[in-house]
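Enquirer: Below is the structure I would like to discuss, written out as structure tokens.
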Amino acid sequence: MYNKLKLYVPPALWLLLFLLSVYRFEWIAQWLSFLGPSKGALRARAPLSFYVFQHVRLVLISTFFSMVLGITLGLLTRFRPFREFKEPLLQTATFLQTLPSIAILALSVPLLGYGQAPVVIALVFYGLLPILRNIIQGLDSVPEEVRLSAAGMGMTPWQRLIDVEWPLALPAVLAGIKTSVIINVSAATIGATMGAGGLGVLIVNGIRTMDIMLIIKGALPVSLMAFLINSIFTLLEEQWFGNRDGVRL
């Protein structure tokens with residue numbers, strides 16, 4: 001019981017720190033006052049929680065589309081007509097992740113204009129690779145004897161994929177989703193450059209006005225959100241999979 005309760009301590013701690021950074025930033029600012037006084041930019045425009053909501057919305061939308069695209073493509077590579085596309089898909093996803101975010105936004109704006117859409121597209125590209133790669137690697141790691149046993153039981157390829165291979169690959173899949181979400185939490189700060197809002201607004205305006213405290217006000221919740229998400233996924237991995245088959249994520 002004690003060991004199980006310990007698993008909840010990190011998420012609870014990061015959640016507390018995250019909430020403090022959002023709703024009681026003035027407390028934190030007192031300890032950081034040696035960095036310089038805040039110039040009060042954007043103080044009256046909107047509360048910090050408003051920018052957090054915009055940021056979380058960008059991450060959730062982009063992660064949803066990354067998951068749909070990554071899982072669909074990953075599962076398709078298990079069927080014979082699509083197996084030869086496995087490496088090209090991974091190479092394409094790798095290429096998309098290496099593209100500078102500003103380049104993706106510049107290409108998207110003429111077609112989609114300013115706002116949320118071009119930012120979501122950029123984040124989907126960034127979040128696709130970890131999900132797709134982990135799905136393919138997770139499915140490839142299923143022992144061949146397991147597949148042969150399932151085939152010997154009369155299962156169709158689809159039944160083997162859904163009932164046998166997919167459950168065994170889930171730890172790797174969850175790890176890929178965790179990486180994707182954390183990447184997008186950080187990358188979503190580019191939303192400020194396209195008018196999509198988010199915590200990047202505070203960071204960008206802090207840089208423009210040389211307001212260190214405003215930069216911290218935007219950057220601190222982003223960092224704490226990443227730690228919180230990592231701890232939540234770690235908790236889920238421990239609860240759902242533990243040390244199954246000796247795998248540690």
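We name chains A, B, ... following the order of the structure tokens; residues begin at 1 in each chain, and ligands are numbered from 1 as shown.
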Quick one: residues within 8 Å of stretch 68-81 of chain A, only C-alpha atoms, excluding same-chain residues fewer than 2 positions away - as a VMD selection string?
Expert: chain A and resid 64 to 66 83 to 86 128 to 129 131 to 133 135 to 136 157 161
Enquirer: Go ahead and write the residues just picked, N, CA and C atoms, as a PDB file, in the first residue's frame.
Expert:
ATOM      1  N   PHE A  64      -4.168  15.013 -30.311  1.00  0.00           N
ATOM      2  CA  PHE A  64      -5.245  14.150 -30.818  1.00  0.00           C
ATOM      3  C   PHE A  64      -4.994  13.776 -32.276  1.00  0.00           C
ATOM      4  N   PHE A  65      -4.679  14.763 -33.109  1.00  0.00           N
ATOM      5  CA  PHE A  65      -4.452  14.472 -34.522  1.00  0.00           C
ATOM      6  C   PHE A  65      -3.166  13.680 -34.732  1.00  0.00           C
ATOM      7  N   SER A  66      -2.142  13.938 -33.926  1.00  0.00           N
ATOM      8  CA  SER A  66      -0.912  13.144 -34.014  1.00  0.00           C
ATOM      9  C   SER A  66      -1.184  11.686 -33.671  1.00  0.00           C
ATOM     10  N   ARG A  83       3.554  -2.911 -45.817  1.00  0.00           N
ATOM     11  CA  ARG A  83       4.802  -3.129 -45.074  1.00  0.00           C
ATOM     12  C   ARG A  83       5.991  -2.411 -45.699  1.00  0.00           C
ATOM     13  N   GLU A  84       5.987  -2.302 -47.012  1.00  0.00           N
ATOM     14  CA  GLU A  84       7.123  -1.672 -47.678  1.00  0.00           C
ATOM     15  C   GLU A  84       7.168  -0.163 -47.437  1.00  0.00           C
ATOM     16  N   PHE A  85       6.085   0.384 -46.890  1.00  0.00           N
ATOM     17  CA  PHE A  85       6.048   1.826 -46.623  1.00  0.00           C
ATOM     18  C   PHE A  85       6.523   2.165 -45.205  1.00  0.00           C
ATOM     19  N   LYS A  86       6.918   1.155 -44.435  1.00  0.00           N
ATOM     20  CA  LYS A  86       7.302   1.393 -43.048  1.00  0.00           C
ATOM     21  C   LYS A  86       8.479   2.364 -42.939  1.00  0.00           C
ATOM     22  N   LEU A 128       4.174  13.690 -34.313  1.00  0.00           N
ATOM     23  CA  LEU A 128       3.884  12.446 -35.039  1.00  0.00           C
ATOM     24  C   LEU A 128       4.976  11.403 -34.883  1.00  0.00           C
ATOM     25  N   LEU A 129       6.235  11.802 -34.999  1.00  0.00           N
ATOM     26  CA  LEU A 129       7.332  10.835 -35.020  1.00  0.00           C
ATOM     27  C   LEU A 129       7.387   9.937 -33.787  1.00  0.00           C
ATOM     28  N   ILE A 131       5.121   8.929 -31.739  1.00  0.00           N
ATOM     29  CA  ILE A 131       4.002   7.988 -31.704  1.00  0.00           C
ATOM     30  C   ILE A 131       4.167   6.922 -32.781  1.00  0.00           C
ATOM     31  N   LEU A 132       4.424   7.347 -34.006  1.00  0.00           N
ATOM     32  CA  LEU A 132       4.571   6.407 -35.112  1.00  0.00           C
ATOM     33  C   LEU A 132       5.745   5.457 -34.885  1.00  0.00           C
ATOM     34  N   ARG A 133       6.875   6.001 -34.464  1.00  0.00           N
ATOM     35  CA  ARG A 133       8.066   5.175 -34.251  1.00  0.00           C
ATOM     36  C   ARG A 133       7.838   4.148 -33.148  1.00  0.00           C
ATOM     37  N   ILE A 135       4.983   2.913 -32.052  1.00  0.00           N
ATOM     38  CA  ILE A 135       4.000   1.906 -32.455  1.00  0.00           C
ATOM     39  C   ILE A 135       4.660   0.845 -33.325  1.00  0.00           C
ATOM     40  N   ILE A 136       5.441   1.290 -34.301  1.00  0.00           N
ATOM     41  CA  ILE A 136       6.107   0.340 -35.199  1.00  0.00           C
ATOM     42  C   ILE A 136       7.103  -0.520 -34.433  1.00  0.00           C
ATOM     43  N   PRO A 157      -5.320 -12.062 -39.576  1.00  0.00           N
ATOM     44  CA  PRO A 157      -4.303 -11.025 -39.322  1.00  0.00           C
ATOM     45  C   PRO A 157      -4.831  -9.863 -38.493  1.00  0.00           C
ATOM     46  N   LEU A 161      -3.580  -8.778 -34.730  1.00  0.00           N
ATOM     47  CA  LEU A 161      -3.090  -7.423 -34.473  1.00  0.00           C
ATOM     48  C   LEU A 161      -3.787  -6.806 -33.261  1.00  0.00           C
TER      49      LEU A 161
END
Enquirer: Which residue, A:Ile190, A:Leu105, A:Ile203, A:Leu112, has the smallest gap to A:Pro221 when you use only C-alpha atoms?
Expert: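 For A:Pro221, the nearest of the candidates is A:Ile203.
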Enquirer: Atom CA of A:Pro88 and atom CA of A:Leu58, how far apart in Å?
Expert: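 Interatomic distance here is 28.0 Å.
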Enquirer: Just the number, please: distance in Å from atom CA of A:Glu144 to atom CA of A:Phe241, one decimal.
Expert: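 Interatomic distance, atom CA of A:Glu144 to atom CA of A:Phe241: 21.2 Å.
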Enquirer: Go through stretch 186-216 of chain A and collect every residue that DSSP, computed from the backbone, puts in alpha helix (DSSP H); the answer should be as a PyMOL selection string.
Expert: chain A and resi 186-187+200-209+212-216
Enquirer: Keeping only C-alpha atoms, write those residues as a PDB file, in the first residue's frame.
Expert:
ATOM      1  CA  SER A 186       7.191  23.118 -25.241  1.00  0.00           C
ATOM      2  CA  ALA A 187       6.644  23.677 -28.968  1.00  0.00           C
ATOM      3  CA  GLY A 200       4.233  31.909 -25.588  1.00  0.00           C
ATOM      4  CA  VAL A 201       2.474  35.284 -25.640  1.00  0.00           C
ATOM      5  CA  LEU A 202       4.001  36.136 -22.277  1.00  0.00           C
ATOM      6  CA  ILE A 203       7.429  34.866 -23.318  1.00  0.00           C
ATOM      7  CA  VAL A 204       7.461  36.786 -26.605  1.00  0.00           C
ATOM      8  CA  ASN A 205       6.216  40.000 -25.005  1.00  0.00           C
ATOM      9  CA  GLY A 206       8.715  39.577 -22.191  1.00  0.00           C
ATOM     10  CA  ILE A 207      11.515  39.394 -24.741  1.00  0.00           C
ATOM     11  CA  ARG A 208      10.200  42.425 -26.615  1.00  0.00           C
ATOM     12  CA  THR A 209       9.961  44.533 -23.479  1.00  0.00           C
ATOM     13  CA  ILE A 212      12.569  38.998 -17.287  1.00  0.00           C
ATOM     14  CA  MET A 213       9.726  38.433 -14.839  1.00  0.00           C
ATOM     15  CA  LEU A 214       7.187  38.257 -17.678  1.00  0.00           C
ATOM     16  CA  ILE A 215       9.341  35.684 -19.475  1.00  0.00           C
ATOM     17  CA  ILE A 216       9.456  33.577 -16.316  1.00  0.00           C
TER      18      ILE A 216
END
Enquirer: Point out the residue among A:Val173, A:Tyr126, A:Val109, A:Thr189 with the least atom-to-atom distance to A:Asp140, counting only C-alpha atoms.
Expert: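 Of A:Val173, A:Tyr126, A:Val109, A:Thr189, the one nearest A:Asp140 is A:Val173, counting only C-alpha atoms.
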Enquirer: What is the atom CA of A:Val222 to atom CA of A:Thr234 distance in Å?
Expert: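 Separation of atom CA of A:Val222 and atom CA of A:Thr234: 18.4 Å.
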Enquirer: With only C-alpha atoms as the counted atoms, please give the residues lying no more than 8 Å from A:Leu199, apart from itself and same-chain residues fewer than 6 positions off, as a count of residues only.
Expert: 10
